[in-house]
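A.B. asks: Sharing a structure with you now.
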Amino acid sequence: MKPLTPVTPGAKVALGVAFFAVFFAVWSIATFGGFVQKTFLADPVSMFRSGWTLLTEMGFAKDIGMTVWRVVGGFVIAAVLALPLGVAMGAYKGVEAFFEPFVSFARYLPASAFIPLLILWAGIGEAQKLAVIFIGSFFSLVLMISVSVGNTRRDLVEAAYTLGSSDASLVRRVLVPGAAPEIAEILRTVLGWAWTYVIVAELIGASSGIGHMITDSQALLATDQIIFGIIVIGVIGLVSDLAFKWANRRLFPWAQLGR
Amino acid sequence: MGSILTVRGVERRFGQTLALRATDLDVAENDFITILGPSGCGKSTLLRIVAGLDHPTAGEVLLDGRRVVAPGADRGMVFQSYTLFPWLTVRENVCFGLVERGLPRAQQLEIADAFLGKVGLRGFEHHYPKQLSGGMQQRTAIARALANGPRMLLMDEPFGALDHQTRELMQELLLGIWEAEKKTVLFVTHDIDEAVFMGSRVVVMSARPGRIKLDRVVPLAHPRRYSVKTTPAFTELKAELTEQVRVEVRAAQEAAAPG
């Protein structure tokens, strides 16, 4: 293999699938071979079987729906508020100087540590779940969007001014469109983080959701169900990631050029 | 013909360093002035001050008798770096300033397509900048600046990043456009051939701190063809300017040498 030389598209897919095969093979050997006790780790077959039971008989689809709804809800609220603030901070240095120190501090506050407080404030209803996701993603979104807007090439800014742009139209016609593909990538990355926050939120004080199912299964020592829940999260995460990537490629064809 | 641009006692300091010594320059309607000098002599600084992108620490620039304080659409600029907006197609780049002026869409397209025709880019309207060669990008940048109908065109080594052959073709193209459109141009370069071939007047600047040390009318008739570069009048002026610039480059090197 030569460094940095691309592989053919076919080989790329085959290699990617191959690792999944290796992963399941090692798992099967460990469980069916009796190397690991069933109490600690269920085998793949009983995992899928109890996954089927969960979906068909125990209403797990509703849990999945709840979790997806919470992630999307909390994330959309965070993104809608973070976008204007991030753009304003990136474009106007005074706004940045005002907010940046606090946002940088708030970013390091662990969202999961807020859960007891949020339960106190908002109860164990949906507002608390959305709040956890919001806290987990909002501050990072603001900072990353602000950096990406602030990194606009200065010569493009100067070119716009010599073409007659006002300050407001510079923000609208140069800073925002120039940073848009990077902002879309930031949203994709942070959506991935939102998935980890929602499960944490559901592990404590929830009556539905994937995280809630996992806590229930722990009480029953049903490792097959726990693993199925984790895999469902992984699959949904992968699908939403691919959808985001696809949408970004469609929305910003120019950003794909010359890569 | 009265002068459209007056540079009066313009000086620029960067901290303790004097980059540009009190400079005077009068530019008449339809002048094509090339500014020649060693690198770091402040010729780009002078151009940026005329553009309103930089501010003099003393003196003033008057355009049609009005003091220049900020960049504006009346002074179109072409930069050495490629400053097309990468998210806009070639045609939308040329329309950028026209959108700023709020022209009706049909009129925008009419103007943009006319100028794209003049720089030989018909058929490339829907390409993105990254799909074009360096020479084509600079041609688009020239069309974009001209489409705005500016009083003056400011050019900061616009062909500096191009290979020799492309550069010579671009010189002829720009000269042809200037002869047809009768624009007033300030053109910064460090290429003596280019300065003589393009200019109706050549201005030579001294080593830092820069000042204008020589101002020559180029005694070559228009329209100029490439073959003019081998005429005695051309070579004579070129020889004189070469000598003048050499002295300044020497001076710049000695000033930079340690001890």
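Chains: A, B, ... in order of the structure tokens. Residues: from 1 per chain. Ligands: from 1, in order shown.
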Quick one: which residues from chain B are at most 6 Å off chain A, using only C-alpha atoms, as a ChimeraX atom specification?
C.D. replies: /B:71-73,76,83,87,97
A.B. asks: Might you pull out every residue within 7 Å of segment 50-60 of chain B, with only C-alpha atoms counted and same-chain residues fewer than 3 positions away left off, and present them as a list in words?
C.D. replies: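 In the requested form, the answer reads Val7, Arg8, Gly9, Val10, Glu11, Arg12, Arg13, Leu46, Leu47, Arg67, Val68, Val69, Ala70, Pro71 and Arg75 of chain B.
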A.B. asks: Quick one: contact table of segment 27-145 of chain A to segment 212-215 of chain A, 10 Å max, nearest atom pair and distance in Å to one decimal per residue, counting only C-alpha atoms, chain and number order, as JSON lines?
C.D. replies:
{"residue": "A:Leu54", "atom": "CA", "partner": "A:Met213", "partner_atom": "CA", "distance": 9.5}
{"residue": "A:Phe60", "atom": "CA", "partner": "A:Met213", "partner_atom": "CA", "distance": 8.0}
{"residue": "A:Asp63", "atom": "CA", "partner": "A:Met213", "partner_atom": "CA", "distance": 7.7}
{"residue": "A:Ile64", "atom": "CA", "partner": "A:Met213", "partner_atom": "CA", "distance": 9.7}
{"residue": "A:Thr67", "atom": "CA", "partner": "A:His212", "partner_atom": "CA", "distance": 9.6}
A.B. asks: Can you pull out the residues contacting Phe75 of chain A? Cut-off 8 Å, using only C-alpha atoms, and skip same-chain residues under 6 positions away; I want them as a ChimeraX atom specification.
C.D. replies: /A:133-134,137,191,194
A.B. asks: Restricted to C-alpha atoms, what would the selected residues look like written as a PDB file, in the first residue's frame?
C.D. replies:
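result_35.pdb, written as the output of this step:
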ATOM      1  CA  ILE A 133     -29.330  18.603  24.807  1.00  0.00           C
ATOM      2  CA  PHE A 134     -29.527  22.367  24.496  1.00  0.00           C
ATOM      3  CA  SER A 137     -24.732  21.648  22.096  1.00  0.00           C
ATOM      4  CA  LEU A 191     -25.684  16.587  16.175  1.00  0.00           C
ATOM      5  CA  ALA A 194     -26.432  15.548  20.967  1.00  0.00           C
TER       6      ALA A 194
END
A.B. asks: Might you pull out every residue within 8 Å of Ser46 of chain A, with only C-alpha atoms counted and same-chain residues fewer than 4 positions away left off, and present them as a count of residues only?
C.D. replies: 3
A.B. asks: What is the distance, in Å and to one decimal place, between atom CA of Thr189 of chain B and atom CA of Ser3 of chain B?
C.D. replies: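 Distance reported for this atom pair: 22.3 Å.
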A.B. asks: How many Å separate atom CA of Lys245 of chain A from atom CA of Val190 of chain A?
C.D. replies: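 Taking atom CA of Lys245 of chain A as the start and atom CA of Val190 of chain A as the end point, the length is 13.3 Å.
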A.B. asks: For atom CA of Val218 of chain B and atom CA of Gly199 of chain B, determine how far apart the two atoms are, in Å to one decimal place.
C.D. replies: 6.7 Å
A.B. asks: Given only C-alpha atoms as the basis, pick out the residue of B:Cys95, B:Ile4, B:Ala28, B:Leu84 nearest to Val61 of chain B.
C.D. replies: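 Closest to Val61 of chain B of all the choices is B:Ile4.
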A.B. asks: Please list as a ChimeraX atom specification every residue within 9 Å of Leu88 of chain B, counting only C-alpha atoms and excluding residues in the same chain fewer than 5 positions away.
C.D. replies: /A:254 /B:93,96,126-129
A.B. asks: Take the residues from that selection and write them out as a PDB file, in the first residue's frame, keeping C-alpha atoms.
C.D. replies:
ATOM      1  CA  TRP A 254     -18.846  24.675  -4.940  1.00  0.00           C
TER       2      TRP A 254
ATOM      3  CA  ASN B  93     -19.599  37.106  -9.473  1.00  0.00           C
ATOM      4  CA  PHE B  96     -22.199  41.065  -7.443  1.00  0.00           C
ATOM      5  CA  HIS B 126     -22.178  28.856 -15.015  1.00  0.00           C
ATOM      6  CA  HIS B 127     -18.746  27.671 -13.939  1.00  0.00           C
ATOM      7  CA  TYR B 128     -17.540  28.117 -10.384  1.00  0.00           C
ATOM      8  CA  PRO B 129     -14.227  29.975  -9.892  1.00  0.00           C
TER       9      PRO B 129
END
